Each structure stands twice: as structure tokens, then as C-alpha cells.
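Participant: Take a look at the following structure, please.
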Amino acid sequence: MAHITVTVDGTSYKGEVEPRKLLVHWLREDIGRVGTVVGCDTSNCGACTVLLNGRSVKSCSVLAVQADGSEVTTIQGLSDGNEWHPVQTAFKECHGLQCGYCTPGMVMATVDLLSENPTPSEQEIREGLEGNLCRCTGYHNIVKSVSYAADLMSAGPTKGAK
Amino acid sequence: MTAALDTDTALGKPIRRKEDAHLLHGQTNWTDNIQLPGTVHMAILRSPMAHAKITKLDVSGALKQPGVVAAYGAKELGELNGGVPCVWPVTDDIKMPAFPALAIDKVRQVGDCVAVVLATSVAAAVDALDAIEVSYEALPAVTDMEAALTSGSALVHDEIETNACYVYKMPCGDYEASRAKADVVVARRFINQRLIPTFMEPRSVVAAPMGMSDEITIWSSTQIPHILRVLLALVTGIPENNLRVVAPDVGGGFGGKLQCYREEILVTNLAKKLGRPVKWTETRSENMVATHHGRDQIQDIEIAATKDGKILGLKVTLLANMGAYLQIITPGVPLLGMFMYPAIYKMDSYDFTCTGVFTNKTPTDAYRGAGRPEATYAIERIIDELAAEIGMEPMELRKKNWITHEEFPYTTVAGLTYDTGNYEAATEKALAMFDYDGLRAEQARRRASGDPVQLGIGISTFTEMCGLAPSRTLGALKYVAGGWEHCTVRALPTGKIEVVTGTSPHGQGHETAWSQIASSILGVPVEDIEVIHSDTGRSPYGMDTYGSRSLAVGGQAIKAASERLVEKARVIAAHQLECSASDLEFINGSFHVKGDPSKSQALGAVAFEAFTAHNLPPGVEPTLQAEATIDPEDFSYPHGTHLAAMEVDTETGQVKLRKYVCVDDVGIQVNPMIVEGQVHGGVAQGIAQALFEGAEYDEDGNLLTASLADYLIPSAADLPSFDTGTTVTPSTSHPLGTKGVGEAGAIASTPAIINGIVDALRHLGVTDVAMPASPQTVWRTIQAAKAGAK
């Protein structure tokens, strides 16, 4: 067992983990952050995407021990529940989700995409989200949501933005 | 007297979804999130062989592993090894072999359950699988349907002495007479390949004995909590009244969670046996082999017509792959398509034969559209082939044969009566949005110039039957349950409304849409309405969600219950206002005395009166609630016109979907934003069948596409945006005028794509392209056509 200390959504957690434990399983099973979900076992679907030190990662492809000393932001830490992050607002406004299972990863990947490229074209959005699979929306409204989020964020600090 | 639908209400507005707040903040309740004290986790030893005798199985080694609580093979499980039920014996002489949850003596598919280990953690349970001793003696795998039906084939089920599950025939009119009269007969074989539903949330089930009571609560990622409860009671012998089934947040289903799975049976029985919570969540790789598959038909289609394009008759001969076992409605899926091969076209005769075939593959069952995508694919493809054969423009051929809007209601050759439709209007709108004439001109230019990238235009003018289903029709088809739906509406003393539905939403947005229906009748704001569903403890009656039924059938029940509640309230309000009930008008949530605007009573005040019961009129029971159980009068028949512009690189086989236009007529739309989203998702899944997806097996019965790394569901980069439009021809057989939209896109889009690719390549001699139309497949098809032309 290894000792780790990880800050998740602003709270510092200490734990003992098996070295083989994936970050996503540690988040879900050990500290109860079940907002981040598992959709596959080959790192294809991206449902488990979180921010690790500000950059998006598939938390199924990171060992919990690798996250020692890091800051992790999940869908549950993106806003406080009362205030909405503009990406969350945009996904609701543009009907960018249906069943919602891919949504945690899709939203976190979008946050990273927009931090890297605040004004992406449709093609850049489509390629930027290539690692996140959705089975419900056909991506049409996800692409619209990302564009709308970019508009909201470029309009300056919007109401609801963290 | 009934409450009229007020047009100035929430009905028909693109209201943003109630469901989204919790989903967007990770405040979700997926089954796998449930962690009950004392839970043991189940891991499954699955067969790596498609067909083999189990020559040795010893689970004792697993019991010695850390954290292991129990381990079972079929022998150890004994009577608790329940059988997976099939509720649709389509013919009197159908062969229905046993499907034990844990394989007995023989495995029949890769992924068959052989043994289970229960341990205090998932990791411990999975680790302990390695300590089970198992050996197999390989048997020849049955993987090809036609070979399976030949004498001398290995048998999937020895005891039934054949691999033919059933033969179903439906002759309508005299096809041979039509054929004899015809100038042209076009015959094609289409392969509707095997697909894997691939909902994003893997299946998960938790069963827990509840304290000292006999109740067992089962949380399952299912589309059908109510049906599952009945089936689990029948299979396990646990009294139905002691079972409570809850479907918490469910992350998609597309038919794949319309099932009573072996894992659900095992978890339920083992929770009862061990007296503690048992949990199982599938990995994606397990999902690919153990969750039922869809489609998988060989379709021999023959169409007879005059040389000027009048369709006379249609003959459909199917081989439908059942897989290794029958699951809930495995045999019935092709029959849901049976009625739809004639589609929107008039003809004199139609001859249908389907043979269900056992193979050593994962069982098939419902997948988005269930039988109707197969039918639509075949008819829309053969129409294009007929058009090419007689040298007629394919849209003109369709127009010449479709049912015109004046002819509704129209009884088709297959015996269905379509209530309404307007194919002309939807088509005209789609053609305009698409710039059909402009693209045809570009196609001609490219063809003339010998451009290596050719343009093709794919057409699909589809209809479907949905809103499953009138119970008497289901009975006639030997389905063992009904197709009704239930709703209870309660006005709480604080003025809030509870709508209890027997449908089971799993991502569509029904909580929002149901609230809109109730709001439009009760005059209560959408945000004051709570929809309760998917818990047999809170919503006791229901037939759940599949077959685009939740609006078309469930919506009717909500409307009827809401109207009955208004009528009960009217009697109480009249008593409060000291007038006759017939003197009251109900407008925007309040009763008004006709001719005296000063006298009114809001529904909430009536609800409070009904709650206190201090001064109710004689004969009126306390509380303000009403219920309705509605059996639909008929199916509903959404239709539409889908058009695809396909660019095909004739040198590389690369296919690009340049433009996709669709106009769907789903009748009255409760929430057009949700309708559009359903169309997008369905269209994407249909396109994926045409271009990307296919469950591939090798000749030994190994699934080669057994992970998301190998089974190609499209990403955002693989698809374009879609141009969607609608026409509104209200259904007349459904009181809300709605039809259903969940499956429409997936039914319509597949043939549009393939017709477009074939249209781009027809001048090279190409008459068909196999699905999925990968660059390699398209390139090889072009080479074969060129070689054939030489």
C-alpha cells in the first residue's frame, strides 16, 4: 500500500492505496467522488475525464499513486452547485446532454479545450473532443454547447462563472 | 366534459430540461454509485470458447483467496441457477431451449457465464477467478446462419436437434400473381450486420435484503423496472410483492437494457441466499460479449414492378440470427419489422418469411428500432435498385408509389392502418433544404469530368410503427404481456403536483416533457410538477420504456389522469363556490364561475380542501388524485424524408458525409428541443451502422470487436452537424396527436447513407456496398465492379 495526498475539488484527501489502483477508482470508491464515472476499460470513451493540475486526463489512465501531490478537479468541483460554470450553462442551454453519462467527461474536456483555444471552430471542437464518446446526442448539440460556452466565456466574467 | 389542451401552455415549448442540473454537476445516482454496508461484489468467470463441453469445473480454489465469501458453478448453485426468460414465443412450434444463468455442462457463446465469485471488493473477486479450475473440450462453433441450417451442422442445442428456432410466414395477397404480371423483378441480398447497443453507462445491479422483512430491493440500470420485477419473481420464486425494483439514473439503453439478464437473476438470488447486498457492474469488455446484440439478418428481397415503375409486389425472406439463446423478445424482433417492409408504398401483394437461427454468438434482441430499421433498410435499398433497373429517378419512383396524403387512413398490404401522414409535405421541405436539384447538377458535372471524388445522393422516405402497443395486437402476435400504460396524478395540499408514470426514462428528458403535458392540463407551472418513475415501490404499475412508447402511450395516460383530476376538483370547487359544476370553467389552473369573474378557486385551494376534508360534498372522497391506465387504440406512424450527400473517393474508398438533411413528422411535439435531440442521436446511430459499426466474429466464434478500441462507435470528429426540420401531421389515433421519436432517426438514416454511396458509384457498376462501408470495403467494391465490367 502506498500513502498519497491529493487535493480533489479543493479538499485535501490522504489515503492508502494499492499501487495498481486507478485514479478513477480511488475517486469513486475511496473518497466517494462518484460524479466521475467509468465507461470503458480501454481508455477510449473519456467519461472519466478530470483535470489533473489544470489539464484534462482520463482518470482511468492515471494511477492513484501518480496523482500524489496533485490537484484534481472533477465535475463536482467545477462549480459549487448554486453557481454554474459557463460550460455547464451552455450544455443545458443547448441540450448538449441526454442520458448524462458521458457528460462529466465531456464537460471537463471542454473546459480544457477552451482554456487552450478560447475560440475554436466547429472542426476544432470536433477534433478536440475526439477522445470523448457520446451515444445519445450525435454530438450536434455538444458542438453547439462548446461554441456557446466559448461565447459566454469570451464575453468576460459571466454571471455564474467561477 | 374533458379539459381541453390550452395552446398557450408549456405544451410545445422548447423548455430546458429539469434533468440537466444534477447530471451537469455530477450529483448523479448511477447504480454503480450505490455502496451499501456489507456489500459483496460478484465477478463472473466467462467462457472464452464459443462452443465447448465443460469437462471440469472446480471453484474450491477461489474460496481460499483473500476476501472471498462464496463461489459457485451451476452445480453449487443448484435451484438458484435461474433461467433467463423469453416472453415472445412467436409460433406454436418455436424451439425454446433452456438458458440457465450459469452454463450447465456446455458453453454456447463467448461470454457465457460459467462460475461466479463473491468477495468483499471487486478486485478480490476478479483476482479469485484465476483460482477456479476449469477446462473445456472444444466443439465446432456454429457461426454462419446458412451453414447452421444444413444437415450435418453442429448443433447449438443438441436437445432440439436443429438450429432453426422458428419459421414465421405472413403471406399478404398473391405475390406469385404479382410477379407473373411484372415487367421487372429485382432481387437483392442485403446483409444487416450485427451491432452492439453500446449505451455509455455499463450495466450494473445491486440487490439487498431489507432488514428483517422479506423484501429485497434491486437497483438495476434497466429500461424496464416493472417488467423486470415480474420476471424476477417468476424466475426466482421470490414473491413479487417482496421485490422492489428501482432503476436510478440510467445512462442510455437503446433497447440494450430492455432485458432480464442472467446477471440480474444471479445477483438477486445470491443476495437472498447470502442475506447481504450483492453488487455487480460490468466492464465494457464484458458488455461487448454479454449484453445482447442487435440486428444480424440476411435479407433476400425481391420486388416486382411494371416497367413504368408501378410496384406490384414484394417478397421478403429473412434469416434472423438469434444467437446462442433466446432472451426477452429475441424471436419477436424480426416480427416488429415484418409489418414495415411495405413501408409507405402501395402494392398488391407482400410475402414475408423469417427463419430464426441459433448460432454460437451473443443473443440478439431489441436495439434502437428493433426490426424496423432492418425493414426500412431493405425496402429503401430495393427501391433505389428498382429505380436504377428501370432508369427512373429514385425520388420519382417513390412519389409514384407512396400513399398520398388524401388516402389516409390507409390500410397497407401488411394489414396495418396508418392513421395519418403527409409524405409529400415532408419530402418537399427536405428537398428544398437539401438543394436536391443543385446537388444532382453537381453530381452530373463530376461524373462528366471524371472527378475522382464522386458525389452520390441517398434517399430514405421512411415510416415506422411505434407507440408499442395495443394489447390485443400483442396478444395476436403471441407476446405474453400487454402494451398499456399507467399514470397517477396527485395534487398535494401545498399545491405541488406529483405525476407518477409507469414509463421508465433513461436519458430522453421525459421528466421535463411529462411535466409539460400535465402543466398544460392542470395549469400548474412545470417547475411545480414532480415526475415519479422507475421505482416499483413508488410507481407500482407500468410497462416501461421501449418502442418509442413513453410519449405515444405514457403521454396518453398522463393526459387522461390529469383530466380526471380536474373533473374531481371541479366537483369540490363547485361545492366551495356554491354553484353547479357545469357552471365552472377551468382556465390556467383555476375554476371560474361563468359570468362571474369575481368568483374563482385555484386548483391548489381545491387540493387543500380535499386534504383537510372538512367540507367535501357528499360522496366525494378525501384527497385530490386520479389515475388512468390506457391501452392505446393503435400504433402511431411517424414518417419523414432523409437525404444524404455522400462524397466517395473512387481512388481510396474514402467516404465523406457532406450534408445530411432530414424532415421528420412525429406529430404534435411536446418539446421540440427534445424532439430534435432525439433525431440527432438516432440519425447518428443509423449513420454509424452504415459507416462504422459491426460486431465481427471469427470462424471459431470469437468476437473480434470486443472492446471500444475495436468496435467503432463514432466520435465527434467522425460526424457532421445535421440539418433537421419537421412537418406536423397530428396522429388521429392518439389523443395528444403525438407519434413518438425515439427510434425514428436510427430507422431512417442507414439506407440514406448506403443509397448515397451506391448512387455515387453506380456508373462504375456498383449495385451494393456492404455495411459498415469502411474505406477498405468501398475500395474493394469499386475494384470488384471494375473487374466485373472488363
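Quick note on naming: the chains in the C-alpha cells go A, B, ... in the order shown, residues restart at 1 in each chain, and ligands are numbered from 1 in order of appearance.
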Find the residues of chain B in contact range of chain A, meaning any atom within 7 Å when counting only C-alpha atoms, and list them as a PyMOL selection string.
Facilitator: chain B and resi 16+20+23-28+33+199-202+250-252+283-285+506-509+677+680-681+684+708-709+715-717+721-722
Participant: Those residues you just picked out, can you put them in a file as a PDB file, in the first residue's frame with C-alpha atoms?
Facilitator:
```
ATOM      1  CA  ARG B  16     -34.770  23.387 -20.960  1.00  0.00           C
ATOM      2  CA  ASP B  20     -29.837  18.554 -16.508  1.00  0.00           C
ATOM      3  CA  LEU B  23     -26.345  15.492 -14.452  1.00  0.00           C
ATOM      4  CA  LEU B  24     -24.199  18.567 -15.127  1.00  0.00           C
ATOM      5  CA  HIS B  25     -22.951  18.780 -11.566  1.00  0.00           C
ATOM      6  CA  GLY B  26     -22.072  15.132 -11.047  1.00  0.00           C
ATOM      7  CA  GLN B  27     -24.839  14.809  -8.449  1.00  0.00           C
ATOM      8  CA  THR B  28     -25.898  11.571 -10.044  1.00  0.00           C
ATOM      9  CA  ASN B  33     -22.585   4.637  -7.204  1.00  0.00           C
ATOM     10  CA  PHE B 199     -25.043   2.629 -24.231  1.00  0.00           C
ATOM     11  CA  MET B 200     -22.456   4.650 -22.305  1.00  0.00           C
ATOM     12  CA  GLU B 201     -23.311   3.508 -18.787  1.00  0.00           C
ATOM     13  CA  PRO B 202     -22.342  -0.154 -18.405  1.00  0.00           C
ATOM     14  CA  VAL B 250     -29.838   5.142 -16.213  1.00  0.00           C
ATOM     15  CA  GLY B 251     -27.216   6.115 -18.752  1.00  0.00           C
ATOM     16  CA  GLY B 252     -28.835   5.169 -22.021  1.00  0.00           C
ATOM     17  CA  THR B 283     -16.737  -3.881 -17.536  1.00  0.00           C
ATOM     18  CA  ARG B 284     -17.023  -2.567 -21.064  1.00  0.00           C
ATOM     19  CA  SER B 285     -15.342  -5.693 -22.369  1.00  0.00           C
ATOM     20  CA  HIS B 506     -33.275   6.749 -19.146  1.00  0.00           C
ATOM     21  CA  GLY B 507     -31.924   9.917 -20.659  1.00  0.00           C
ATOM     22  CA  GLN B 508     -34.609  11.117 -23.044  1.00  0.00           C
ATOM     23  CA  GLY B 509     -35.900  14.031 -20.959  1.00  0.00           C
ATOM     24  CA  GLY B 677     -32.114  15.929 -29.890  1.00  0.00           C
ATOM     25  CA  HIS B 680     -29.813  13.842 -33.901  1.00  0.00           C
ATOM     26  CA  GLY B 681     -28.941  10.864 -31.744  1.00  0.00           C
ATOM     27  CA  ALA B 684     -26.027   9.325 -35.663  1.00  0.00           C
ATOM     28  CA  LEU B 708     -14.337   0.149 -27.572  1.00  0.00           C
ATOM     29  CA  ALA B 709     -10.876   0.068 -29.089  1.00  0.00           C
ATOM     30  CA  SER B 715     -16.666  10.340 -32.203  1.00  0.00           C
ATOM     31  CA  ALA B 716     -17.485  13.994 -32.799  1.00  0.00           C
ATOM     32  CA  ALA B 717     -14.780  14.104 -35.448  1.00  0.00           C
ATOM     33  CA  SER B 721     -23.846  18.619 -37.995  1.00  0.00           C
ATOM     34  CA  PHE B 722     -27.318  17.737 -39.242  1.00  0.00           C
TER      35      PHE B 722
END
```
Participant: Applying 6 Å and only C-alpha atoms, which residues near region 320-323 of chain B remain after dropping the ones on its own chain fewer than 5 positions away? List them as a list in words.
Facilitator: Asp296, Gln297, Gly356, Val357, Phe358, Thr359, Asn360, Lys361, Thr362, Pro363 and Thr364 of chain B
Participant: How would the residues just picked look written out with N, CA and C atoms as a short mmCIF file (atom, residue, chain, number, x, y, z; two decimals), in the first residue's frame?
Facilitator:
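Contents of the output file result24.cif:
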```cif
data_model
loop_
_atom_site.label_atom_id
_atom_site.label_comp_id
_atom_site.auth_asym_id
_atom_site.auth_seq_id
_atom_site.Cartn_x
_atom_site.Cartn_y
_atom_site.Cartn_z
N ASP B 296 -28.46 -8.21 -37.28
CA ASP B 296 -27.94 -9.50 -37.73
C ASP B 296 -28.99 -10.31 -38.50
N GLN B 297 -29.28 -9.83 -39.68
CA GLN B 297 -30.20 -10.53 -40.57
C GLN B 297 -29.58 -10.64 -41.96
N GLY B 356 -35.75 -17.96 -37.79
CA GLY B 356 -34.85 -17.64 -36.69
C GLY B 356 -33.81 -18.73 -36.57
N VAL B 357 -32.54 -18.36 -36.40
CA VAL B 357 -31.45 -19.34 -36.43
C VAL B 357 -30.58 -19.21 -35.18
N PHE B 358 -30.32 -20.35 -34.56
CA PHE B 358 -29.38 -20.36 -33.44
C PHE B 358 -27.94 -20.44 -33.95
N THR B 359 -27.07 -19.65 -33.34
CA THR B 359 -25.64 -19.72 -33.62
C THR B 359 -24.88 -19.58 -32.30
N ASN B 360 -23.59 -19.83 -32.33
CA ASN B 360 -22.79 -19.70 -31.11
C ASN B 360 -22.28 -18.26 -30.96
N LYS B 361 -23.23 -17.35 -30.92
CA LYS B 361 -22.87 -15.94 -30.75
C LYS B 361 -23.75 -15.36 -29.64
N THR B 362 -23.41 -14.16 -29.21
CA THR B 362 -24.21 -13.47 -28.21
C THR B 362 -25.66 -13.37 -28.69
N PRO B 363 -26.63 -13.61 -27.81
CA PRO B 363 -28.03 -13.46 -28.23
C PRO B 363 -28.31 -12.05 -28.77
N THR B 364 -29.20 -12.01 -29.75
CA THR B 364 -29.67 -10.71 -30.23
C THR B 364 -30.99 -10.37 -29.55
#
```
Participant: Could you name the residues that touch Asn588 (chain B) at 8 Å or less, counting only C-alpha atoms, but leaving out those on the same chain fewer than 2 positions away, as number ranges by chain?
Facilitator: B: 522-524, 586, 590
Participant: Mind giving me the straight-line distance from CA of Val666 (chain B) to CA of Gly555 (chain B) in Å, one decimal?
Facilitator: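 We find that CA of Val666 (chain B) and CA of Gly555 (chain B) lie 13.9 Å from each other.
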Participant: Do a neighbour search on region 113-121 of chain B at 6 Å with only C-alpha atoms, toss out local chain neighbours closer than 5 positions, and write the hits as a count of residues only.
Facilitator: 16
